[in-house]
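Chemist: Structure file structure-v6.cif (mmCIF, C-alpha atoms) right here:
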data_data
#
loop_
_atom_site.label_atom_id
_atom_site.label_comp_id
_atom_site.auth_asym_id
_atom_site.auth_seq_id
_atom_site.Cartn_x
_atom_site.Cartn_y
_atom_site.Cartn_z
CA MET F 154 158.67 -67.63 -13.84
CA LYS F 155 155.87 -68.84 -11.60
CA PHE F 156 152.51 -67.18 -12.18
CA ALA F 157 149.43 -66.88 -9.98
CA VAL F 158 146.15 -67.17 -11.88
CA VAL F 159 143.68 -65.41 -9.59
CA LYS F 160 140.25 -67.06 -9.50
CA PHE F 161 137.12 -65.17 -8.49
CA PRO F 162 133.59 -66.58 -8.34
CA GLY F 163 132.53 -66.31 -11.97
CA SER F 164 136.01 -66.40 -13.55
CA ASN F 165 135.77 -68.46 -16.72
CA CYS F 166 139.03 -67.85 -18.59
CA ASP F 167 141.27 -69.10 -15.79
CA ARG F 168 142.16 -72.38 -17.51
CA ASP F 169 143.05 -70.47 -20.69
CA MET F 170 145.39 -68.22 -18.69
CA LEU F 171 146.98 -71.18 -16.91
CA ASN F 172 147.54 -72.97 -20.21
CA ALA F 173 149.00 -69.83 -21.81
CA ALA F 174 151.58 -69.40 -19.04
CA ILE F 175 152.59 -73.06 -19.22
CA LYS F 176 152.71 -73.14 -23.04
CA ALA F 177 155.05 -70.13 -22.90
CA GLY F 178 157.44 -72.12 -20.70
CA GLY F 179 156.40 -70.92 -17.26
CA GLU F 180 154.75 -72.42 -14.23
CA ALA F 181 151.28 -71.44 -13.08
CA GLU F 182 148.87 -72.18 -10.25
CA TYR F 183 145.35 -71.11 -9.41
CA VAL F 184 145.07 -68.77 -6.44
CA ASP F 185 141.74 -68.24 -4.69
CA TYR F 186 140.41 -64.71 -4.25
CA ARG F 187 140.29 -65.25 -0.48
CA GLU F 188 144.07 -65.61 -0.23
CA THR F 189 146.04 -62.67 1.14
CA SER F 190 149.56 -63.20 -0.22
CA LEU F 191 151.17 -63.59 -3.64
CA GLU F 192 154.75 -63.51 -2.40
CA ALA F 193 155.42 -67.02 -3.71
CA TYR F 194 154.80 -65.92 -7.31
CA ASP F 195 156.82 -64.00 -9.88
CA GLY F 196 153.81 -62.63 -11.74
CA VAL F 197 150.03 -62.30 -11.56
CA LEU F 198 147.43 -63.16 -14.21
CA ILE F 199 143.86 -61.91 -13.73
CA PRO F 200 141.56 -63.77 -16.12
CA GLY F 201 138.33 -62.84 -17.84
CA GLY F 202 134.85 -63.89 -16.85
CA PHE F 203 132.17 -62.38 -14.69
CA SER F 204 133.69 -61.92 -11.23
CA PHE F 205 130.94 -62.02 -8.62
CA GLY F 206 128.40 -62.04 -11.48
CA ASP F 207 129.41 -58.49 -12.52
CA TYR F 208 126.96 -57.14 -9.96
CA LEU F 209 127.25 -53.41 -9.19
CA ARG F 210 129.84 -52.90 -11.97
CA SER F 211 132.20 -55.30 -13.71
CA GLY F 212 135.09 -55.84 -11.32
CA ALA F 213 133.65 -53.67 -8.55
CA MET F 214 133.05 -56.47 -6.04
CA ALA F 215 136.33 -58.17 -6.94
CA SER F 216 138.10 -54.92 -6.08
CA VAL F 217 137.38 -55.44 -2.38
CA ALA F 218 138.28 -59.14 -2.27
CA PRO F 219 141.04 -60.19 0.16
CA ILE F 220 143.49 -60.89 -2.71
CA THR F 221 143.33 -57.26 -3.90
CA ARG F 222 145.95 -55.94 -1.51
CA ALA F 223 148.35 -58.70 -2.56
CA ILE F 224 147.85 -57.80 -6.25
CA LYS F 225 148.71 -54.19 -5.45
CA GLU F 226 151.78 -55.29 -3.50
CA ALA F 227 152.95 -57.43 -6.43
CA ALA F 228 152.54 -54.47 -8.78
CA ALA F 229 154.40 -52.16 -6.38
CA ALA F 230 157.24 -54.70 -6.23
CA GLY F 231 157.63 -54.50 -10.02
CA LYS F 232 156.21 -57.92 -10.78
CA PRO F 233 154.28 -58.28 -14.05
CA VAL F 234 150.52 -58.07 -13.63
CA LEU F 235 148.30 -58.89 -16.61
CA GLY F 236 144.55 -58.35 -16.57
CA VAL F 237 142.46 -59.50 -19.54
CA CYS F 238 138.82 -58.52 -20.12
CA ASN F 239 137.25 -58.75 -16.65
CA GLY F 240 140.84 -58.64 -15.38
CA PHE F 241 141.30 -55.25 -17.08
CA GLN F 242 138.06 -54.06 -15.49
CA ILE F 243 139.37 -55.18 -12.09
CA LEU F 244 142.69 -53.36 -12.60
CA THR F 245 140.84 -50.10 -13.21
CA GLU F 246 138.54 -50.68 -10.24
CA ILE F 247 141.48 -51.20 -7.86
CA GLY F 248 143.32 -48.16 -9.19
CA LEU F 249 146.29 -49.90 -10.81
CA LEU F 250 145.22 -48.53 -14.20
CA PRO F 251 143.36 -45.29 -14.95
CA GLY F 252 139.98 -44.91 -16.61
CA ALA F 253 137.01 -47.25 -16.62
CA LEU F 254 135.28 -49.85 -18.78
CA ILE F 255 131.64 -49.06 -19.54
CA PHE F 256 128.88 -50.61 -21.64
CA ASN F 257 129.61 -51.19 -25.32
CA ASP F 258 128.04 -48.49 -27.47
CA THR F 259 125.83 -51.16 -29.03
CA HIS F 260 124.65 -52.31 -25.58
CA THR F 261 125.12 -55.86 -26.81
CA PHE F 262 127.63 -58.56 -25.91
CA ILE F 263 130.28 -58.85 -28.62
CA SER F 264 132.13 -62.12 -29.26
CA ARG F 265 134.36 -62.31 -32.34
CA ASN F 266 137.91 -61.98 -33.60
CA GLU F 267 139.28 -58.45 -33.80
CA VAL F 268 142.27 -57.13 -35.70
CA LEU F 269 144.42 -54.95 -33.46
CA THR F 270 147.51 -52.80 -33.90
CA ILE F 271 150.53 -52.95 -31.59
CA THR F 272 151.03 -49.22 -30.98
CA ASN F 273 153.82 -49.63 -28.42
CA ASN F 274 156.27 -52.53 -28.69
CA GLU F 275 158.65 -51.03 -26.14
CA THR F 276 156.99 -52.63 -23.15
CA ALA F 277 158.21 -55.84 -21.55
CA PHE F 278 154.87 -57.40 -22.55
CA THR F 279 154.95 -56.46 -26.24
CA SER F 280 158.62 -56.36 -27.21
CA GLY F 281 158.13 -59.57 -29.19
CA TYR F 282 155.99 -57.67 -31.70
CA GLU F 283 156.81 -55.05 -34.30
CA LYS F 284 155.53 -51.51 -33.80
CA GLY F 285 152.45 -51.14 -35.98
CA GLU F 286 152.06 -54.91 -36.35
CA ALA F 287 148.53 -56.20 -36.88
CA VAL F 288 147.49 -59.07 -34.63
CA THR F 289 144.21 -60.92 -34.17
CA PHE F 290 142.81 -61.61 -30.70
CA PRO F 291 139.24 -62.66 -29.86
CA VAL F 292 137.03 -60.31 -27.87
CA ALA F 293 134.10 -61.34 -25.68
CA HIS F 294 132.59 -58.55 -23.61
CA GLY F 295 129.55 -56.44 -22.90
CA GLU F 296 131.37 -53.66 -21.06
CA GLY F 297 134.50 -53.05 -23.10
CA HIS F 298 134.22 -49.35 -23.92
CA TYR F 299 137.37 -47.78 -22.47
CA TYR F 300 136.55 -44.37 -21.00
CA CYS F 301 138.81 -41.74 -19.48
CA ASP F 302 138.79 -37.97 -19.07
CA ASP F 303 140.85 -35.63 -21.25
CA GLU F 304 143.63 -35.22 -18.69
CA THR F 305 144.06 -38.98 -18.33
CA TYR F 306 144.00 -39.47 -22.08
CA ASP F 307 146.66 -36.80 -22.61
CA THR F 308 148.85 -38.49 -20.00
CA LEU F 309 148.45 -41.89 -21.68
CA VAL F 310 149.42 -40.43 -25.06
CA GLU F 311 152.34 -38.35 -23.78
CA ASN F 312 153.85 -41.35 -21.97
CA ASP F 313 153.16 -43.88 -24.74
CA ARG F 314 151.03 -46.00 -22.44
CA ILE F 315 148.46 -46.99 -25.09
CA VAL F 316 149.79 -50.38 -26.15
CA LEU F 317 147.05 -51.83 -28.31
CA THR F 318 144.27 -50.31 -30.45
CA TYR F 319 141.31 -51.69 -32.39
CA ASN F 320 141.42 -51.44 -36.17
CA ASP F 321 137.61 -51.58 -36.26
CA ASN F 322 136.44 -50.37 -32.87
CA PRO F 323 133.74 -52.80 -31.67
CA ASN F 324 132.67 -51.04 -28.48
CA GLY F 325 133.20 -47.27 -28.76
CA SER F 326 136.43 -47.13 -26.75
CA ARG F 327 138.06 -43.72 -26.70
CA ALA F 328 140.65 -43.40 -29.49
CA ASP F 329 140.18 -47.13 -30.30
CA ILE F 330 142.04 -48.08 -27.09
CA ALA F 331 142.16 -51.83 -26.47
CA GLY F 332 144.97 -52.02 -23.89
CA ILE F 333 147.13 -49.77 -21.69
CA VAL F 334 150.03 -50.07 -19.25
CA ASN F 335 150.74 -48.30 -15.99
CA GLU F 336 153.46 -45.67 -15.66
CA ALA F 337 156.04 -48.23 -14.49
CA GLY F 338 155.25 -50.54 -17.41
CA ASN F 339 154.61 -53.67 -15.33
CA VAL F 340 150.79 -53.63 -15.21
CA PHE F 341 148.99 -54.31 -18.49
CA GLY F 342 145.24 -54.37 -19.00
CA LEU F 343 143.48 -55.23 -22.25
CA MET F 344 139.99 -56.25 -23.29
CA PRO F 345 140.92 -58.69 -26.12
CA HIS F 346 142.02 -62.21 -25.19
CA PRO F 347 145.63 -63.11 -26.13
CA GLU F 348 145.26 -66.34 -24.16
CA ARG F 349 142.71 -67.49 -26.75
CA ALA F 350 145.18 -66.94 -29.59
CA LEU F 351 147.85 -69.54 -28.89
CA GLU F 352 147.33 -72.22 -31.54
CA THR F 353 147.45 -71.94 -35.32
CA LEU F 354 145.22 -75.02 -35.38
CA LEU F 355 142.50 -72.96 -33.67
CA GLY F 356 142.95 -69.86 -35.80
CA ASN F 357 146.20 -68.12 -34.88
CA ASP F 358 148.97 -67.92 -32.30
CA ASP F 359 149.35 -64.12 -32.17
CA GLY F 360 148.96 -64.09 -28.38
CA LEU F 361 151.78 -66.51 -27.57
CA ARG F 362 154.59 -63.97 -27.84
CA LEU F 363 153.03 -61.86 -25.09
CA PHE F 364 153.20 -64.75 -22.63
CA GLU F 365 156.68 -65.75 -23.79
CA LYS F 366 157.91 -62.23 -23.00
CA MET F 367 156.24 -62.37 -19.59
CA ASN F 368 158.01 -65.65 -18.92
CA ALA F 369 161.34 -63.98 -19.71
CA TRP F 370 160.34 -60.97 -17.62
CA GLU F 371 163.53 -60.18 -15.69
CA ALA F 372 165.85 -60.12 -18.70
CA ASN F 373 163.20 -58.57 -20.91
CA HIS F 374 162.14 -55.87 -18.43
CA ASP F 375 165.77 -54.93 -17.71
CA HIS F 376 166.42 -54.65 -21.46
CA ILE F 377 163.38 -52.45 -22.03
CA HIS F 378 164.24 -50.20 -19.12
#
I'd like the structure from this file rewritten - as structure tokens, please.
Modeler:
Amino acid sequence: MKFAVVKFPGSNCDRDMLNAAIKAGGEAEYVDYRETSLEAYDGVLIPGGFSFGDYLRSGAMASVAPITRAIKEAAAAGKPVLGVCNGFQILTEIGLLPGALIFNDTHTFISRNEVLTITNNETAFTSGYEKGEAVTFPVAHGEGHYYCDDETYDTLVENDRIVLTYNDNPNGSRADIAGIVNEAGNVFGLMPHPERALETLLGNDDGLRLFEKMNAWEANHDHIH
């Protein structure tokens, strides 16, 4: 698998994403936000950071960047699209995932490890985990409160699209939601950082399996579906 790591002005987790894809056995290249095609890539990684300084809203300015249409085309073609932190915010802003990310209830920036529960291991991203498994990923965000209306929430629950929840909700997210997938199961957005959990030497490697499953996407996705 060859992954595009999309870089916006203010992205700061792009190297982590690139390293994660390569460590999992894939290939990866940086792609500038001014590009208009992702046809040469098998998957798309949207890293964390502060795209365009988070002016207006987090991810709002990135949502009208030239690369946006190509990200939507990749998603429509069934390619895996992963958005982490600011990447998750961007995925909601461009309409690939429902809901929105708003200010943490504390109105402070939170940076620490969080214990999370894998609530759905029947996605092609999370099939390497056990259902109900506890994992630890770092979080680093000021606008990580996942918000959605009742109708959207009911749809997420009914279709098992809530993939990851906080054990000790740090930001006030509805129903402890930390990550969700789209209806087709190929677009995954989460606030915690699996790409910062790849090495036991640095704490833990709980995030590595996610990228390994992405790298085996075709066989894995066909098996899940």
Chemist: Write out as a list of chain:residue names the residues lying within 10 Å of region 219-224 of chain F, counting only C-alpha atoms and excluding same-chain residues fewer than 3 positions away.
Modeler: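 The filter keeps F:Ala157, F:Val159, F:Lys160, F:Phe161, F:Val184, F:Asp185, F:Tyr186, F:Arg187, F:Glu188, F:Thr189, F:Ser190, F:Leu191, F:Glu192, F:Gly196, F:Val197, F:Leu198, F:Ile199, F:Ala215, F:Ser216, F:Ala227, F:Ala228, F:Ala229, F:Ala230, F:Lys232, F:Val234, F:Ile243, F:Leu244, F:Ile247, F:Leu249.
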Chemist: Since I can't run it myself right now, could you work out what the PyMOL selection byres ((chain F and resi 315) around 8) selects here and report it as number ranges by chain?
Modeler: F: 272-273, 309-310, 313-314, 316-318, 330, 332-334
Chemist: From the set F:Gly206, F:Arg265, F:Leu235, F:Glu336, which residue has the shortest atom-to-atom contact distance to Ala174 (chain F), counting only C-alpha atoms?
Modeler: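 Checking each candidate against Ala174 (chain F), we get F:Leu235 as the closest.
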Chemist: Once the PyMOL selection byres ((chain F and resi 297-308) around 8) has been evaluated on this model, what residues remain selected, and can you format them as a list in words?
Modeler: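 Applying the expression gives Cys238, Pro251, Gly252, Ala253, Leu254, Ile255, Phe256, Asn257, Asp258, His294, Gly295, Glu296, Leu309, Val310, Glu311, Asn312, Asn324, Gly325, Ser326, Arg327, Ile330, Ala331 and Met344 of chain F.
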Chemist: Just checking: using only C-alpha atoms, which residue out of F:Arg362, F:Lys225, F:His346, F:His260 ends up closest to Phe241 (chain F)?
Modeler: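 Going through F:Arg362, F:Lys225, F:His346, F:His260 one by one, the smallest distance to Phe241 (chain F) is for F:His346.
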Chemist: Quick check, in Å to one decimal: how far apart do CA of Phe205 (chain F) and CA of Pro162 (chain F) lie?
Modeler: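 We find that CA of Phe205 (chain F) and CA of Pro162 (chain F) lie 5.3 Å from each other.
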Chemist: Which residues, protein or nucleic acid, reach to within 12 Å of (155.5, -60.0, -16.1) in the file's coordinates when using all atoms listed in the file, and can you give that as an NGL selection string?
Modeler: :F and (154-157 or 174 or 179 or 194-198 or 227-228 or 230-236 or 276-279 or 334 or 337-341 or 363-375)
Chemist: Once the PyMOL selection byres ((chain F and resi 169) around 12) has been applied to the shown file, what residues remain in the selection, as a ChimeraX atom specification?
Modeler: /F:158,164-168,170-176,181,183,198-202,237,346-352,360-361,364
Chemist: Between CA of Ala213 (chain F) and CA of Asn335 (chain F), what is the distance in Å, rounded to a tenth?
Modeler: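 Atom-to-atom, CA of Ala213 (chain F) and CA of Asn335 (chain F) are spaced 19.4 Å apart.
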Chemist: Nearest residue to Ser264 (chain F) out of F:Ala177, F:Met214, F:Val292, F:Ala193, using only C-alpha atoms?
Modeler: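 Nearest to Ser264 (chain F): F:Val292.
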Chemist: Just need the box for region 230-238 of chain F, edges along x, y and z, holding every atom the file lists for it with 8 Å tacked onto each side, so centre and edge lengths in Å to one decimal, as JSON.
Modeler:
{"center_x": 148.2, "center_y": -57.0, "center_z": -13.2, "size_x": 34.8, "size_y": 21.0, "size_z": 29.9}
Chemist: Mind pulling up the distance from CA of Phe203 (chain F) to CA of Leu355 (chain F)?
Modeler: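 Answer for the CA of Leu355 (chain F) to CA of Phe203 (chain F) separation: 24.1 Å.
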Chemist: Between F:Asn357, F:Thr245, F:Lys284, F:Thr261, which is the closest to Ser211 (chain F) once you count all atoms listed in the file?
Modeler: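 Smallest separation from Ser211 (chain F) among the options: F:Thr245.
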Chemist: Counting all atoms listed in the file, which of F:Ala328, F:Val217, F:Arg210, F:Asp321 gets nearest to Gln242 (chain F)?
Modeler: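 Once distances to Gln242 (chain F) are computed over all atoms listed in the file, the minimum belongs to F:Arg210.
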Chemist: Taking (153.0, -50.5, -39.4) in the file's own coordinates, collect the residues within 12 Å, counting all atoms listed in the file, and hand them back as a list of chain:residue names.
Modeler: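 Checked against the point, the hits come out as F:Leu269, F:Thr270, F:Ile271, F:Thr272, F:Asn273, F:Asn274, F:Tyr282, F:Glu283, F:Lys284, F:Gly285, F:Glu286, F:Ala287, F:Val288.
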Chemist: Export C-alpha atoms of the chosen residues as a short mmCIF file (atom, residue, chain, number, x, y, z; two decimals), keeping the file's coordinate frame?
Modeler:
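Result file out.cif:
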data_model
loop_
_atom_site.label_atom_id
_atom_site.label_comp_id
_atom_site.auth_asym_id
_atom_site.auth_seq_id
_atom_site.Cartn_x
_atom_site.Cartn_y
_atom_site.Cartn_z
CA LEU F 269 144.42 -54.95 -33.46
CA THR F 270 147.51 -52.80 -33.90
CA ILE F 271 150.53 -52.95 -31.59
CA THR F 272 151.03 -49.22 -30.98
CA ASN F 273 153.82 -49.63 -28.42
CA ASN F 274 156.27 -52.53 -28.69
CA TYR F 282 155.99 -57.67 -31.70
CA GLU F 283 156.81 -55.05 -34.30
CA LYS F 284 155.53 -51.51 -33.80
CA GLY F 285 152.45 -51.14 -35.98
CA GLU F 286 152.06 -54.91 -36.35
CA ALA F 287 148.53 -56.20 -36.88
CA VAL F 288 147.49 -59.07 -34.63
#
Chemist: In terms of the shortest atom-to-atom distance over all atoms listed in the file, which of F:Pro291, F:Gly212, F:Gly281, F:Gly163 is closest to Gly240 (chain F)?
Modeler: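 Ranked by minimum distance to Gly240 (chain F), first place goes to F:Gly212.
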Chemist: Take the structure in the block and write a file for region 291-304 of chain F, all heavy atoms, as a compact mmCIF listing (two decimals), in the first residue's frame.
Modeler:
# COMPACT_ATOMS: atom_id res chain seq x y z
N PRO F 291 -1.98 8.67 23.07
CA PRO F 291 -1.90 10.05 23.55
C PRO F 291 -3.00 10.91 22.92
O PRO F 291 -3.45 10.64 21.80
CB PRO F 291 -0.52 10.52 23.07
CG PRO F 291 0.24 9.27 22.73
CD PRO F 291 -0.79 8.29 22.28
N VAL F 292 -3.42 11.93 23.64
CA VAL F 292 -4.27 12.97 23.07
C VAL F 292 -3.54 14.30 23.20
O VAL F 292 -2.71 14.48 24.09
CB VAL F 292 -5.66 13.06 23.75
CG1 VAL F 292 -6.42 11.76 23.62
CG2 VAL F 292 -5.54 13.47 25.22
N ALA F 293 -3.85 15.21 22.30
CA ALA F 293 -3.26 16.55 22.34
C ALA F 293 -4.18 17.47 21.55
O ALA F 293 -4.04 17.62 20.34
CB ALA F 293 -1.85 16.55 21.75
N HIS F 294 -5.16 18.07 22.24
CA HIS F 294 -6.13 18.89 21.53
C HIS F 294 -6.81 19.90 22.45
O HIS F 294 -6.90 19.69 23.66
CB HIS F 294 -7.19 18.01 20.85
CG HIS F 294 -7.93 17.10 21.80
ND1 HIS F 294 -7.75 15.74 21.78
CD2 HIS F 294 -8.84 17.35 22.77
CE1 HIS F 294 -8.53 15.18 22.71
NE2 HIS F 294 -9.19 16.15 23.33
N GLY F 295 -7.27 20.96 21.83
CA GLY F 295 -8.06 21.97 22.54
C GLY F 295 -9.52 21.93 22.12
O GLY F 295 -10.39 22.44 22.84
N GLU F 296 -9.78 21.33 20.95
CA GLU F 296 -11.15 21.24 20.43
C GLU F 296 -11.42 19.78 20.08
O GLU F 296 -11.49 19.41 18.91
CB GLU F 296 -11.33 22.16 19.22
CG GLU F 296 -11.16 23.63 19.55
CD GLU F 296 -11.30 24.54 18.34
OE1 GLU F 296 -12.29 24.39 17.60
OE2 GLU F 296 -10.42 25.39 18.14
N GLY F 297 -11.59 18.96 21.11
CA GLY F 297 -11.77 17.53 20.90
C GLY F 297 -13.11 16.99 21.33
O GLY F 297 -13.36 15.79 21.27
N HIS F 298 -14.00 17.87 21.75
CA HIS F 298 -15.34 17.48 22.20
C HIS F 298 -16.17 17.11 20.97
O HIS F 298 -16.53 17.97 20.17
CB HIS F 298 -15.98 18.65 22.96
CG HIS F 298 -17.39 18.43 23.38
ND1 HIS F 298 -17.85 18.80 24.62
CD2 HIS F 298 -18.47 17.90 22.74
CE1 HIS F 298 -19.14 18.51 24.72
NE2 HIS F 298 -19.52 17.97 23.58
N TYR F 299 -16.47 15.80 20.83
CA TYR F 299 -17.28 15.37 19.69
C TYR F 299 -18.74 15.67 19.96
O TYR F 299 -19.31 15.20 20.95
CB TYR F 299 -17.10 13.88 19.38
CG TYR F 299 -17.95 13.46 18.21
CD1 TYR F 299 -17.58 13.78 16.91
CD2 TYR F 299 -19.15 12.79 18.40
CE1 TYR F 299 -18.38 13.45 15.83
CE2 TYR F 299 -19.97 12.44 17.33
CZ TYR F 299 -19.57 12.78 16.05
OH TYR F 299 -20.38 12.46 14.98
N TYR F 300 -19.34 16.43 19.05
CA TYR F 300 -20.74 16.83 19.18
C TYR F 300 -21.54 16.35 17.98
O TYR F 300 -21.06 16.44 16.83
CB TYR F 300 -20.86 18.36 19.28
CG TYR F 300 -22.30 18.83 19.19
CD1 TYR F 300 -23.11 18.86 20.33
CD2 TYR F 300 -22.85 19.22 17.97
CE1 TYR F 300 -24.43 19.25 20.25
CE2 TYR F 300 -24.17 19.61 17.88
CZ TYR F 300 -24.96 19.62 19.02
OH TYR F 300 -26.27 20.00 18.94
N CYS F 301 -22.74 15.86 18.22
CA CYS F 301 -23.67 15.56 17.14
C CYS F 301 -25.08 15.63 17.69
O CYS F 301 -25.30 15.54 18.90
CB CYS F 301 -23.40 14.18 16.51
SG CYS F 301 -23.64 12.80 17.64
N ASP F 302 -26.06 15.79 16.80
CA ASP F 302 -27.45 15.84 17.25
C ASP F 302 -27.96 14.43 17.54
O ASP F 302 -27.29 13.43 17.27
CB ASP F 302 -28.34 16.57 16.24
CG ASP F 302 -28.35 15.91 14.86
OD1 ASP F 302 -28.12 14.68 14.77
OD2 ASP F 302 -28.61 16.61 13.88
N ASP F 303 -29.15 14.35 18.10
CA ASP F 303 -29.71 13.06 18.53
C ASP F 303 -29.88 12.10 17.36
O ASP F 303 -29.61 10.90 17.48
CB ASP F 303 -31.06 13.26 19.22
CG ASP F 303 -30.92 13.96 20.56
OD1 ASP F 303 -29.79 14.02 21.09
OD2 ASP F 303 -31.94 14.46 21.07
N GLU F 304 -30.35 12.62 16.23
CA GLU F 304 -30.57 11.76 15.06
C GLU F 304 -29.26 11.16 14.58
O GLU F 304 -29.19 9.96 14.27
CB GLU F 304 -31.23 12.57 13.94
CG GLU F 304 -31.55 11.74 12.71
CD GLU F 304 -32.22 12.56 11.61
OE1 GLU F 304 -32.50 13.76 11.84
OE2 GLU F 304 -32.46 12.00 10.53
